[in-house]
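**Student:** See target_35.tsv below, with TSV, C-alpha atoms and all ligand atoms.
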```tsv
chain	number	residue	atom	x	y	z
A	251	MET	CA	107.17	102.69	131.50
A	252	SER	CA	106.88	99.28	129.85
A	253	GLY	CA	104.28	97.36	127.91
A	254	ALA	CA	101.94	99.40	125.72
A	255	PRO	CA	103.40	102.59	124.24
A	256	PRO	CA	102.48	105.78	126.09
A	257	SER	CA	99.30	107.41	124.96
A	258	VAL	CA	99.67	110.83	123.46
A	259	VAL	CA	97.67	110.61	120.27
A	260	ARG	CA	94.12	111.71	120.85
A	261	GLY	CA	93.00	111.71	117.28
A	262	LEU	CA	94.10	111.08	113.73
A	263	TRP	CA	92.07	111.98	110.70
A	264	ARG	CA	92.72	110.91	107.21
A	265	THR	CA	92.01	112.53	103.91
A	266	ARG	CA	91.66	110.60	100.67
A	267	TRP	CA	95.02	111.98	99.60
A	268	ARG	CA	97.98	110.15	101.07
A	269	HIS	CA	101.42	111.62	101.35
A	270	PRO	CA	103.99	109.76	99.22
A	271	ALA	CA	106.39	109.71	102.16
A	272	ASP	CA	104.18	107.30	104.07
A	273	CYS	CA	106.35	104.46	105.16
A	274	ASP	CA	106.43	101.36	107.26
A	275	PRO	CA	107.04	102.48	110.84
A	276	ALA	CA	108.66	99.14	111.58
A	277	GLY	CA	111.45	100.08	109.16
A	278	VAL	CA	112.33	103.37	110.85
A	279	SER	CA	115.55	103.36	112.83
A	280	ASP	CA	116.95	105.70	115.46
A	281	SER	CA	119.36	107.07	112.86
A	282	VAL	CA	116.72	108.81	110.74
A	283	HIS	CA	116.63	112.60	110.85
A	284	PRO	CA	113.00	113.64	111.28
A	285	LEU	CA	111.91	116.90	109.68
A	286	LEU	CA	108.61	118.58	110.46
A	287	PRO	CA	108.52	121.42	107.92
A	288	ALA	CA	108.35	124.81	109.56
A	289	SER	CA	105.25	125.51	107.48
A	290	THR	CA	103.30	122.69	109.16
A	291	PRO	CA	100.82	124.34	111.53
A	292	LEU	CA	100.92	123.48	115.25
A	293	LEU	CA	97.58	124.75	116.55
A	294	ARG	CA	96.57	124.79	120.22
A	295	GLY	CA	93.05	123.91	121.27
A	296	ASP	CA	91.17	125.28	124.30
A	297	ASP	CA	91.94	122.13	126.26
A	298	GLY	CA	95.66	122.32	125.62
A	299	THR	CA	95.65	119.76	122.84
A	300	VAL	CA	97.87	120.40	119.84
A	301	GLN	CA	96.68	119.88	116.28
A	302	VAL	CA	99.48	119.11	113.84
A	303	GLY	CA	98.56	119.70	110.19
A	304	GLY	CA	95.01	118.77	109.26
A	305	VAL	CA	94.31	121.85	107.22
A	306	ASP	CA	93.50	121.81	103.51
A	307	SER	CA	93.87	118.27	102.19
A	308	THR	CA	96.60	116.97	104.49
A	309	ASP	CA	96.12	114.42	107.20
A	310	GLY	CA	96.11	115.78	110.72
A	311	LEU	CA	97.00	114.64	114.20
A	312	LEU	CA	95.56	115.73	117.52
A	313	LEU	CA	97.97	115.32	120.41
A	314	ASP	CA	97.24	115.31	124.14
A	315	PRO	CA	98.58	118.22	126.20
A	316	VAL	CA	102.17	117.34	127.08
A	317	PRO	CA	104.41	120.11	128.40
A	318	GLY	CA	107.44	120.56	126.18
A	319	LEU	CA	106.13	118.42	123.31
A	320	PRO	CA	105.11	121.29	120.98
A	321	ARG	CA	108.52	122.87	121.40
A	322	LEU	CA	110.20	119.56	120.61
A	323	LEU	CA	108.08	119.11	117.49
A	324	ARG	CA	108.79	122.65	116.29
A	325	ALA	CA	112.52	121.94	116.63
A	326	LEU	CA	112.42	118.91	114.29
A	327	ASP	CA	114.51	120.54	111.57
A	328	GLY	CA	115.96	117.36	110.09
A	329	ARG	CA	119.41	118.05	111.48
A	330	ARG	CA	119.26	115.72	114.49
A	331	SER	CA	118.78	111.97	114.46
A	332	GLN	CA	115.74	110.52	116.17
A	333	ARG	CA	118.13	109.09	118.73
A	334	ALA	CA	119.42	112.60	119.51
A	335	VAL	CA	115.86	113.95	119.67
A	336	ARG	CA	114.92	111.25	122.19
A	337	ALA	CA	118.00	111.91	124.29
A	338	GLU	CA	117.31	115.63	124.35
A	339	ALA	CA	113.69	114.99	125.29
A	340	ALA	CA	114.79	112.80	128.18
A	341	ARG	CA	117.08	115.56	129.46
A	342	ASP	CA	114.08	117.91	129.37
A	343	GLY	CA	111.99	115.47	131.39
A	344	LEU	CA	109.91	114.10	128.51
A	345	ASP	CA	109.24	110.38	128.26
A	346	PRO	CA	111.27	109.11	125.25
A	347	GLY	CA	108.64	106.44	124.62
A	348	LEU	CA	105.99	109.13	124.36
A	349	VAL	CA	108.18	111.02	121.90
A	350	ASP	CA	108.54	107.87	119.80
A	351	THR	CA	104.79	107.39	119.78
A	352	ALA	CA	104.19	110.95	118.68
A	353	LEU	CA	106.81	110.76	115.93
A	354	GLU	CA	105.44	107.48	114.62
A	355	ALA	CA	101.96	108.93	114.50
A	356	LEU	CA	103.24	111.98	112.64
A	357	ARG	CA	105.09	109.71	110.25
A	358	SER	CA	102.00	107.60	109.68
A	359	ALA	CA	100.01	110.73	108.90
A	360	GLY	CA	102.58	111.77	106.31
A	361	LEU	CA	103.45	114.89	108.27
A	362	LEU	CA	107.04	113.93	109.03
A	363	THR	CA	109.85	113.61	106.49
A	364	ASP	CA	112.85	111.46	107.33
A	365	LEU	CA	115.95	112.98	105.81
A	366	ASP	CA	118.95	110.97	104.77
A	367	ALA	CA	122.27	112.03	106.28
A	368	ALA	CA	123.62	112.47	102.75
A	369	ASP	CA	120.79	114.90	101.98
A	370	LEU	CA	121.76	116.92	105.04
A	371	LEU	CA	125.38	117.19	103.96
A	372	ALA	CA	124.23	118.36	100.53
A	373	THR	CA	122.40	121.34	102.01
A	374	GLY	CA	125.37	122.66	103.96
A	375	ALA	CA	126.82	125.16	101.47
A	376	GLY	CA	126.18	128.17	103.67
A	377	PRO	CA	123.18	129.45	105.60
A	378	ALA	CA	121.42	131.05	102.62
A	379	ALA	CA	121.70	127.92	100.46
A	380	SER	CA	120.64	125.81	103.40
A	381	ALA	CA	117.58	128.00	104.00
A	382	ARG	CA	116.59	127.67	100.36
A	383	ALA	CA	117.08	123.91	100.46
A	384	VAL	CA	114.90	123.52	103.53
A	385	VAL	CA	111.83	124.72	101.63
A	386	GLU	CA	112.62	122.48	98.65
A	387	LEU	CA	113.50	119.34	100.58
A	388	PRO	CA	110.13	118.11	101.86
A	389	SER	CA	108.72	117.61	98.37
A	390	ALA	CA	111.98	116.18	97.06
A	391	THR	CA	112.24	113.35	99.54
A	392	GLY	CA	109.25	111.31	98.51
A	393	ALA	CA	111.01	107.99	98.92
A	394	PRO	CA	112.15	107.62	102.52
A	395	ARG	CA	115.88	107.71	103.05
A	396	SER	CA	116.69	107.72	99.34
A	397	ALA	CA	118.97	110.78	99.44
A	398	VAL	CA	117.10	112.43	96.57
A	399	TRP	CA	118.49	115.88	97.33
A	400	ARG	CA	122.08	114.64	97.36
A	401	ASN	CA	121.52	112.81	94.09
A	402	ARG	CA	120.06	115.89	92.43
A	403	GLY	CA	123.19	117.78	93.37
A	404	LEU	CA	125.28	115.24	91.50
A	405	CYS	CA	123.20	115.47	88.31
A	406	SER	CA	123.90	117.55	85.23
A	407	VAL	CA	121.26	118.74	82.77
A	408	VAL	CA	121.88	120.46	79.45
A	409	VAL	CA	119.13	122.71	78.09
A	410	GLU	CA	119.45	123.18	74.33
A	411	GLY	CA	117.98	126.59	73.59
A	412	ALA	CA	117.61	129.67	75.81
A	413	THR	CA	114.00	129.96	74.70
A	414	ARG	CA	110.92	131.23	76.54
A	415	VAL	CA	110.59	127.65	77.82
A	416	GLY	CA	114.23	126.66	78.14
A	417	THR	CA	115.50	129.50	80.33
A	418	PRO	CA	112.81	129.39	83.04
A	419	LEU	CA	113.03	125.60	82.93
A	420	ALA	CA	116.78	125.77	83.58
A	421	ALA	CA	116.20	128.15	86.49
A	422	VAL	CA	113.55	125.88	88.01
A	423	LEU	CA	115.83	122.86	87.75
A	424	ALA	CA	118.67	124.74	89.44
A	425	ALA	CA	116.37	125.91	92.23
A	426	SER	CA	115.19	122.33	92.62
A	427	GLY	CA	118.68	121.17	93.47
A	428	ILE	CA	120.14	120.01	90.15
A	429	GLY	CA	123.86	120.54	90.65
A	430	ARG	CA	124.91	121.48	87.14
A	431	VAL	CA	122.67	123.20	84.60
A	432	VAL	CA	124.07	124.28	81.24
A	433	VAL	CA	122.10	126.28	78.69
A	434	ARG	CA	123.45	126.06	75.16
A	435	ASP	CA	122.52	128.75	72.68
A	436	THR	CA	124.60	130.73	70.18
A	437	GLY	CA	122.09	133.47	69.41
A	438	LEU	CA	121.44	136.96	70.75
A	439	VAL	CA	118.51	137.90	72.94
A	440	ARG	CA	115.54	139.34	71.06
A	441	ALA	CA	112.97	141.57	72.69
A	442	ALA	CA	110.33	138.83	72.57
A	443	ASP	CA	112.59	136.32	74.35
A	444	ALA	CA	111.89	137.99	77.70
A	445	VAL	CA	109.67	135.95	80.00
A	446	VAL	CA	108.99	135.75	83.71
A	447	GLY	CA	111.72	133.70	85.36
A	448	GLY	CA	113.81	133.66	82.20
A	449	LEU	CA	115.53	136.26	80.07
A	450	THR	CA	114.73	139.86	80.96
A	451	THR	CA	113.84	142.91	78.92
A	452	GLY	CA	117.26	144.29	79.81
A	453	ASP	CA	118.99	141.31	78.20
A	454	GLU	CA	118.09	142.32	74.63
A	455	GLY	CA	121.16	142.14	72.42
A	456	ARG	CA	123.22	140.03	74.84
A	457	PRO	CA	124.39	136.50	74.02
A	458	ARG	CA	121.47	134.28	74.99
A	459	SER	CA	123.65	131.69	76.76
A	460	MET	CA	125.14	134.35	79.06
A	461	ALA	CA	121.76	135.92	79.78
A	462	ALA	CA	120.35	132.47	80.55
A	463	ALA	CA	123.21	131.82	82.96
A	464	ASP	CA	122.28	135.01	84.79
A	465	ALA	CA	118.66	133.84	85.00
A	466	ILE	CA	119.84	130.61	86.63
A	467	ARG	CA	122.06	132.52	89.07
A	468	ARG	CA	119.13	134.66	90.14
A	469	ALA	CA	117.29	131.49	91.16
A	470	SER	CA	120.23	129.52	92.50
A	471	PRO	CA	123.57	131.33	92.88
A	472	LEU	CA	125.61	128.22	93.66
A	473	THR	CA	124.56	126.05	90.71
A	474	ASP	CA	127.45	124.93	88.53
A	475	LEU	CA	127.01	126.57	85.11
A	476	ARG	CA	130.25	125.42	83.50
A	477	PRO	CA	129.99	123.62	80.18
A	478	LEU	CA	130.55	119.91	80.43
A	479	PRO	CA	134.01	118.66	79.41
A	480	ALA	CA	134.30	117.24	75.93
A	481	GLY	CA	133.08	113.68	75.79
A	482	VAL	CA	131.09	113.91	79.03
A	483	ALA	CA	127.36	113.37	78.54
A	484	PRO	CA	124.83	115.04	80.84
A	485	ASP	CA	122.35	112.95	82.77
A	486	LEU	CA	119.62	114.46	80.62
A	487	THR	CA	119.34	116.89	77.72
A	488	VAL	CA	116.24	119.01	77.22
A	489	LEU	CA	115.49	120.13	73.66
A	490	THR	CA	113.54	123.38	73.79
A	491	ARG	CA	113.52	124.50	70.16
A	492	PRO	CA	110.24	123.88	68.36
A	493	TRP	CA	111.40	121.17	66.00
A	494	ALA	CA	114.31	118.74	65.79
A	495	ALA	CA	115.02	117.30	62.36
A	496	SER	CA	115.03	113.77	63.69
A	497	ASP	CA	116.77	112.45	66.74
A	498	PRO	CA	120.47	113.22	66.47
A	499	LEU	CA	121.08	112.24	70.07
A	500	THR	CA	119.80	108.73	69.49
A	501	VAL	CA	121.59	108.38	66.18
A	502	ASP	CA	124.84	109.53	67.74
A	503	GLY	CA	124.47	107.26	70.74
A	504	GLY	CA	123.75	110.17	73.09
A	505	GLY	CA	121.98	109.95	76.40
A	506	ALA	CA	118.45	110.47	77.59
A	507	HIS	CA	116.64	113.54	76.32
A	508	LEU	CA	113.32	115.30	76.62
A	509	VAL	CA	111.46	117.66	74.31
A	510	ALA	CA	109.98	120.72	76.01
A	511	THR	CA	108.87	123.48	73.68
A	512	VAL	CA	106.06	125.62	72.36
A	513	ARG	CA	104.99	125.05	68.76
A	514	GLY	CA	102.79	127.87	67.61
A	515	GLU	CA	100.66	128.38	70.70
A	516	THR	CA	100.80	124.77	71.93
A	517	GLY	CA	103.13	123.68	74.70
A	518	VAL	CA	104.61	120.23	74.07
A	519	VAL	CA	106.46	118.17	76.66
A	520	GLY	CA	107.82	114.81	75.57
A	521	PRO	CA	108.71	112.37	74.53
A	522	LEU	CA	111.31	111.58	77.15
A	523	VAL	CA	113.66	109.38	75.19
A	524	VAL	CA	115.74	106.72	76.90
A	525	PRO	CA	117.73	105.49	73.92
A	526	GLY	CA	117.08	101.87	73.05
A	527	ALA	CA	114.33	101.53	75.65
A	528	THR	CA	111.61	104.01	74.65
A	529	SER	CA	110.44	105.49	71.38
A	530	CYS	CA	112.63	108.24	69.97
A	531	LEU	CA	112.01	111.35	67.92
A	532	ARG	CA	112.64	109.43	64.73
A	533	CYS	CA	109.97	106.92	65.80
A	534	ALA	CA	107.56	109.85	66.03
A	535	ASP	CA	108.75	111.12	62.64
A	536	LEU	CA	108.03	107.72	61.09
A	537	HIS	CA	104.57	107.64	62.62
A	538	ARG	CA	103.88	111.08	61.18
A	539	ARG	CA	105.12	109.88	57.79
A	540	ASP	CA	102.84	106.85	57.98
A	541	ALA	CA	99.89	109.17	58.61
A	542	ASP	CA	100.88	111.62	55.87
A	543	ALA	CA	103.39	110.75	53.14
A	544	ARG	CA	104.13	114.47	52.71
A	545	TRP	CA	105.54	114.70	56.23
A	546	PRO	CA	109.28	114.53	55.37
A	547	ARG	CA	108.87	117.48	53.00
A	548	LEU	CA	106.91	119.44	55.58
A	549	ALA	CA	109.35	118.60	58.37
A	550	ALA	CA	112.29	119.84	56.31
A	551	GLN	CA	110.60	123.24	56.08
A	552	LEU	CA	109.84	123.30	59.79
A	553	VAL	CA	113.48	122.84	60.76
A	554	ALA	CA	114.96	124.98	58.00
A	555	ALA	CA	115.03	128.19	60.04
A	556	GLU	CA	114.68	129.23	63.65
A	557	PRO	CA	111.09	130.30	64.19
A	558	PRO	CA	110.33	133.51	66.05
A	559	PRO	CA	109.61	133.32	69.80
A	560	SER	CA	106.08	132.11	70.45
A	561	GLY	CA	103.75	131.12	73.24
A	562	SER	CA	102.13	133.26	75.87
A	563	THR	CA	103.89	133.67	79.18
A	564	LEU	CA	101.31	131.36	80.74
A	565	THR	CA	101.81	128.64	78.13
A	566	CYS	CA	105.60	128.87	78.28
A	567	LEU	CA	105.79	128.72	82.07
A	568	LEU	CA	103.29	125.87	82.35
A	569	THR	CA	105.29	123.98	79.73
A	570	ALA	CA	108.54	124.66	81.58
A	571	LEU	CA	107.07	123.51	84.90
A	572	LEU	CA	105.56	120.37	83.43
A	573	ALA	CA	108.91	119.59	81.82
A	574	ALA	CA	110.76	120.24	85.07
A	575	GLY	CA	108.49	117.73	86.80
A	576	GLN	CA	109.33	115.13	84.15
A	577	VAL	CA	113.07	115.83	84.44
A	578	LEU	CA	112.99	115.46	88.21
A	579	ALA	CA	110.83	112.32	88.07
A	580	TYR	CA	113.42	110.76	85.75
A	581	LEU	CA	116.49	111.87	87.70
A	582	ASP	CA	114.93	111.05	91.09
A	583	ASP	CA	114.00	107.59	89.79
A	584	ALA	CA	110.58	108.29	91.25
A	585	GLY	CA	108.59	106.03	88.94
A	586	ALA	CA	107.94	106.03	85.22
A	587	PRO	CA	107.58	109.60	83.90
A	588	LEU	CA	104.38	110.26	81.98
A	589	THR	CA	106.26	111.29	78.83
A	590	LEU	CA	107.92	107.95	78.11
A	591	ASP	CA	106.54	107.03	74.66
A	592	ALA	CA	104.20	109.99	74.96
A	593	THR	CA	103.82	113.74	74.66
A	594	VAL	CA	101.74	116.03	76.81
A	595	GLU	CA	100.25	119.04	75.05
A	596	LEU	CA	99.01	122.26	76.61
A	597	ARG	CA	96.72	124.23	74.34
A	598	PRO	CA	95.13	127.57	75.06
A	599	PRO	CA	92.71	128.65	76.22
A	600	ASP	CA	92.17	125.92	78.85
A	601	LEU	CA	95.79	124.71	78.90
A	602	LEU	CA	94.69	121.39	80.38
A	603	PRO	CA	97.20	118.62	79.66
A	604	ARG	CA	96.40	116.17	76.90
A	605	VAL	CA	98.47	113.03	76.42
A	606	ARG	CA	99.34	111.58	73.02
A	607	HIS	CA	101.08	108.22	72.84
A	608	TRP	CA	103.95	107.62	70.44
A	609	PRO	CA	104.98	103.97	70.59
A	610	PRO	CA	108.26	102.72	69.14
A	611	HIS	CA	108.12	102.44	65.35
A	612	PRO	CA	108.99	99.00	63.98
A	613	SER	CA	111.07	100.54	61.18
A	614	CYS	CA	113.19	102.72	63.47
A	615	ARG	CA	116.75	101.68	64.14
A	616	CYS	CA	116.69	102.93	67.74
A	617	GLY	CA	115.94	99.46	69.06
A	618	ALA	CA	112.98	100.43	71.20
A	619	ALA	CA	110.44	98.45	69.17
A	620	ASP	CA	109.56	94.95	70.29
A	621	PRO	CA	112.16	92.74	68.61
A	622	ALA	CA	109.43	90.14	67.97
A	623	GLY	CA	107.56	92.74	65.95
A	624	GLY	CA	104.49	92.66	68.17
A	625	THR	CA	102.38	95.69	68.80
A	626	ASP	CA	101.75	95.00	72.45
A	627	ALA	CA	105.22	95.85	73.69
A	628	ALA	CA	104.95	97.75	76.95
A	629	PRO	CA	107.81	100.20	77.35
A	630	PRO	CA	108.27	101.71	80.80
A	631	GLY	CA	105.31	103.80	81.80
A	632	ALA	CA	103.16	103.00	78.79
A	633	ALA	CA	100.53	101.14	80.79
A	634	ASP	CA	100.46	103.47	83.76
A	635	PRO	CA	97.10	105.04	84.48
A	636	VAL	CA	96.98	108.74	83.87
A	637	GLN	CA	95.74	111.34	86.33
A	638	GLY	CA	91.99	111.68	86.31
A	639	THR	CA	92.11	115.45	86.01
A	640	MET	CA	93.07	115.31	82.37
A	641	VAL	CA	90.42	115.97	79.78
A	642	PRO	CA	89.60	113.38	77.12
A	643	GLU	CA	90.01	114.51	73.57
A	644	ARG	CA	90.72	112.88	70.26
A	645	ALA	CA	92.40	114.78	67.49
A	646	HIS	CA	92.16	112.79	64.28
A	647	ARG	CA	92.44	115.71	61.96
A	648	LEU	CA	95.45	117.50	60.65
A	649	THR	CA	95.01	121.00	61.97
A	650	GLY	CA	98.38	122.48	61.21
A	651	HIS	CA	102.04	121.93	61.81
A	652	ASP	CA	101.77	122.22	65.53
A	653	THR	CA	99.23	119.39	65.64
A	654	ALA	CA	100.81	116.98	63.26
A	655	PRO	CA	99.18	113.68	62.33
A	656	SER	CA	98.97	111.22	65.14
A	657	PRO	CA	99.94	107.59	65.06
A	658	ALA	CA	97.32	104.96	64.48
A	659	ASP	CA	94.10	105.38	66.41
A	660	ALA	CA	94.93	102.47	68.68
A	661	ASP	CA	97.97	104.33	69.89
A	662	GLU	CA	96.33	107.67	70.44
A	663	GLU	CA	94.69	107.90	73.80
A	664	ASP	CA	94.46	111.56	74.55
A	665	VAL	CA	93.19	111.90	78.05
B	701	ZN	ZN	113.11	105.18	67.34
```
Re-express the file's structure as structure tokens.

**Tutor:**
Amino acid sequence: MSGAPPSVVRGLWRTRWRHPADCDPAGVSDSVHPLLPASTPLLRGDDGTVQVGGVDSTDGLLLDPVPGLPRLLRALDGRRSQRAVRAEAARDGLDPGLVDTALEALRSAGLLTDLDAADLLATGAGPAASARAVVELPSATGAPRSAVWRNRGLCSVVVEGATRVGTPLAAVLAASGIGRVVVRDTGLVRAADAVVGGLTTGDEGRPRSMAAADAIRRASPLTDLRPLPAGVAPDLTVLTRPWAASDPLTVDGGGAHLVATVRGETGVVGPLVVPGATSCLRCADLHRRDADARWPRLAAQLVAAEPPPSGSTLTCLLTALLAAGQVLAYLDDAGAPLTLDATVELRPPDLLPRVRHWPPHPSCRCGAADPAGGTDAAPPGAADPVQGTMVPERAHRLTGHDTAPSPADADEEDV
């Protein structure tokens, strides 16, 4: 068997949507650990061919009838290197070259995920944890061989506020592999704090931080819930209370942080603040002041007392999930998150995301503004195109505290 690779691929069909794990086959080595998710259909045709994937909007592959090949594909659980898979195939009488051809075709179709050995080690905390990780892993390993799962396990996230957004968000992050998730809250659970995936109706009267820890354990029993040692900053802090007076984390030299909350009935995610690099909450405050000189007086009233729980279950969970996606995009280093210099709002009844841009303010001391004073500074992510599913809208009017004045028109590009 030399020369051209063995033929096994009868057909390949593409959809317009491409899997982010697509990679250059020339860069794949024998040491990769191929994973074909157990949920990927292997469907037999009348003529013995095997269709891999190809349902819904995924690419598909049609393979020639080869005895033993379907069983080999079904056994691709990410725990054996491609070299080991080839060796095992040879022992079973399969042509290793044919196996290589099939795997490359699967890879090219985005059906195969190559796990990093470090990712595999990170899933080995017992059979139950491993089983949970297996269903999370395929979507977490977008960049080939980048050990995203292992890295998530090393990350710590602090959620400030066991709110109707904060608690389910913390649980989602834990279930998504974040190794340490700490919810800070000194209050007691109120009846209206209960939400699907978060605090329960039976938690009423309990300390909110303890009830939130239980919510995380229900989703991910092995997540580290211990408070961080004094002086140790988390990789990211999520602020889930409706309003922050300004940006204490930036002022104090703290780390990256993200706003994820519901104000009135509107879910708000962002900005994601990388101190010194992107606009901060004080930048946004200054923009609001520019638009309305009364803003400082209004803001003082907004932060004076803890508002009652608000937001429908649907709004709160959508907000939490959108925020979780931004947290993971940042921690995975998977490209510029949408909420750098921007907020995404979810307003009933349609709850479609609308983006508002909040550029660095030239008067802010955070250092994110262009030192030359120009207005065309391009912080990370600011110029990225936004998903076409979002609905254009402009909101020039002041409609209440939960839709505060926007920055200058040029900076507001709700989409
Ligand atoms: Zn600033």

**Student:** Write out as a list in words the residues lying within 10 Å of A:Ala527, counting all atoms listed in the file and excluding same-chain residues fewer than 6 positions away.

**Tutor:** Leu590, Asp591, Pro610, Cys616, Gly617, Ala618, Ala619, Asp620, Pro629 and Pro630 of chain A

**Student:** Kindly compile the residues surrounding ligand ZN 701 (chain B) within 6 Å, counting all atoms listed in the file, and format them as a list in words.

**Tutor:** Ser529, Cys530, Arg532, Cys533, Pro610, Cys614, Arg615 and Cys616 of chain A

**Student:** With distances taken over all atoms listed in the file, which of A:Val259, A:Ala288, A:Leu419, A:Val445 is nearest to A:Leu323?

**Tutor:**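 Smallest distance to A:Leu323 is found for A:Ala288.
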
**Student:** Using all atoms listed in the file for the distances, tell me which of A:Gly437, A:Gly360, A:Gly427, A:Gly514 is nearest to A:Leu578.

**Tutor:**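 Among the listed residues, A:Gly427 lies closest to A:Leu578.
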
**Student:** Can you tell me how far atom CA of A:Val302 sits from atom CA of A:Thr290, in Å to one decimal?

**Tutor:**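 According to the coordinates, atom CA of A:Val302 and atom CA of A:Thr290 are separated by 7.0 Å.
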
**Student:** Go through A:Arg440, A:Asp535, A:Asp297, A:Ala359 one by one, measure the shortest atom-to-atom distance of each to A:Arg547 using all atoms listed in the file, and give the residue with the smallest value.

**Tutor:**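 The shortest atom-to-atom distance to A:Arg547 comes from A:Asp535.
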
**Student:** Can you pull out every residue within 12 Å of A:Glu410, counting only C-alpha atoms, but drop anything in the same chain fewer than 2 positions away, and send it as an NGL selection string?

**Tutor:** :A and (407-408 or 412-417 or 419-420 or 431-437 or 458-459 or 462 or 484 or 486-494 or 499 or 507-511)

**Student:** Do you know which residues are at most 9 Å from A:Leu472 counting only C-alpha atoms, after dropping those on the same chain fewer than 5 positions away, and could you put them as a list in words?

**Tutor:**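 Here the answer would be Ala375, Ala379, Ala424, Gly429 and Arg467 of chain A.
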
**Student:** Let's have the selection written as a PDB file, keeping the file's coordinate frame, with C-alpha atoms.

**Tutor:**
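Output contents, as saved in result-v1.pdb:
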```
ATOM      1  CA  ALA A 375     126.820 125.160 101.470  1.00  0.00           C
ATOM      2  CA  ALA A 379     121.700 127.920 100.460  1.00  0.00           C
ATOM      3  CA  ALA A 424     118.670 124.740  89.440  1.00  0.00           C
ATOM      4  CA  GLY A 429     123.860 120.540  90.650  1.00  0.00           C
ATOM      5  CA  ARG A 467     122.060 132.520  89.070  1.00  0.00           C
TER       6      ARG A 467
END
```

**Student:** What does the distance between atom CA of A:Pro612 and atom CA of A:Val523 come to in Å, to one decimal place?

**Tutor:**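 Distance reported for this atom pair: 16.0 Å.
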
**Student:** Between atom CA of A:Arg341 and atom CA of A:Ser281, what distance in Å does the model show, to one decimal?

**Tutor:**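 Computing the Euclidean distance for atom CA of A:Arg341 and atom CA of A:Ser281 yields 18.8 Å.
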
**Student:** Restricting the calculation to only C-alpha atoms, which member of A:Val258, A:Leu449, A:Ala461, A:Leu365 is positioned closest to A:Ser389?

**Tutor:**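 Between A:Val258, A:Leu449, A:Ala461, A:Leu365, the residue approaching A:Ser389 most closely is A:Leu365.
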
**Student:** Determine, counting all atoms listed in the file, which protein, DNA and RNA residues have an atom within 6 Å of an atom of A:Pro587; residues of the same chain fewer than 2 positions away are not included. Present the result as a list in words.

**Tutor:**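 Using all atoms listed in the file, the neighbours found are Gln576, Ala579 and Thr589 of chain A.
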
**Student:** Name the closest residue to A:Leu361 among the candidates A:Leu404, A:Leu326, A:Ala550, A:Ile466; distances are taken between atoms, counting only C-alpha atoms.

**Tutor:** A:Leu326

**Student:** Taking all atoms listed in the file into account, which of A:Leu596, A:Val439, A:Ala352, A:Cys566 comes nearest A:Gly455?

**Tutor:**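 Checking each candidate against A:Gly455, we get A:Val439 as the closest.
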
**Student:** Might you pull out every residue within 12 Å of A:Pro546, with only C-alpha atoms counted and same-chain residues fewer than 2 positions away left off, and present them as a ChimeraX atom specification?

**Tutor:** /A:495-496,532,534-544,548-553,654

**Student:** Mind running stretch 335-369 of chain A against stretch 382-388 of chain A at 9 Å and telling me each contacting residue's nearest atom pair with the distance in Å (one decimal), counting only C-alpha atoms, chain and number ascending, as a Markdown table?

**Tutor:**
```
| residue | atom | partner | partner_atom | distance |
| --- | --- | --- | --- | --- |
| A:Leu362 | CA | A:Pro388 | CA | 8.9 |
| A:Thr363 | CA | A:Pro388 | CA | 6.5 |
| A:Leu365 | CA | A:Leu387 | CA | 8.6 |
| A:Asp369 | CA | A:Leu387 | CA | 8.6 |
```

**Student:** Write to file, as an mmCIF file, in the frame of the given file, the residues of the selection just made, with C-alpha atoms.

**Tutor:**
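Saved as again-v5.cif:
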```cif
data_model
loop_
_atom_site.group_PDB
_atom_site.id
_atom_site.type_symbol
_atom_site.label_atom_id
_atom_site.label_comp_id
_atom_site.auth_asym_id
_atom_site.auth_seq_id
_atom_site.Cartn_x
_atom_site.Cartn_y
_atom_site.Cartn_z
ATOM 1 C CA LEU A 362 107.040 113.930 109.030
ATOM 2 C CA THR A 363 109.850 113.610 106.490
ATOM 3 C CA LEU A 365 115.950 112.980 105.810
ATOM 4 C CA ASP A 369 120.790 114.900 101.980
#
```
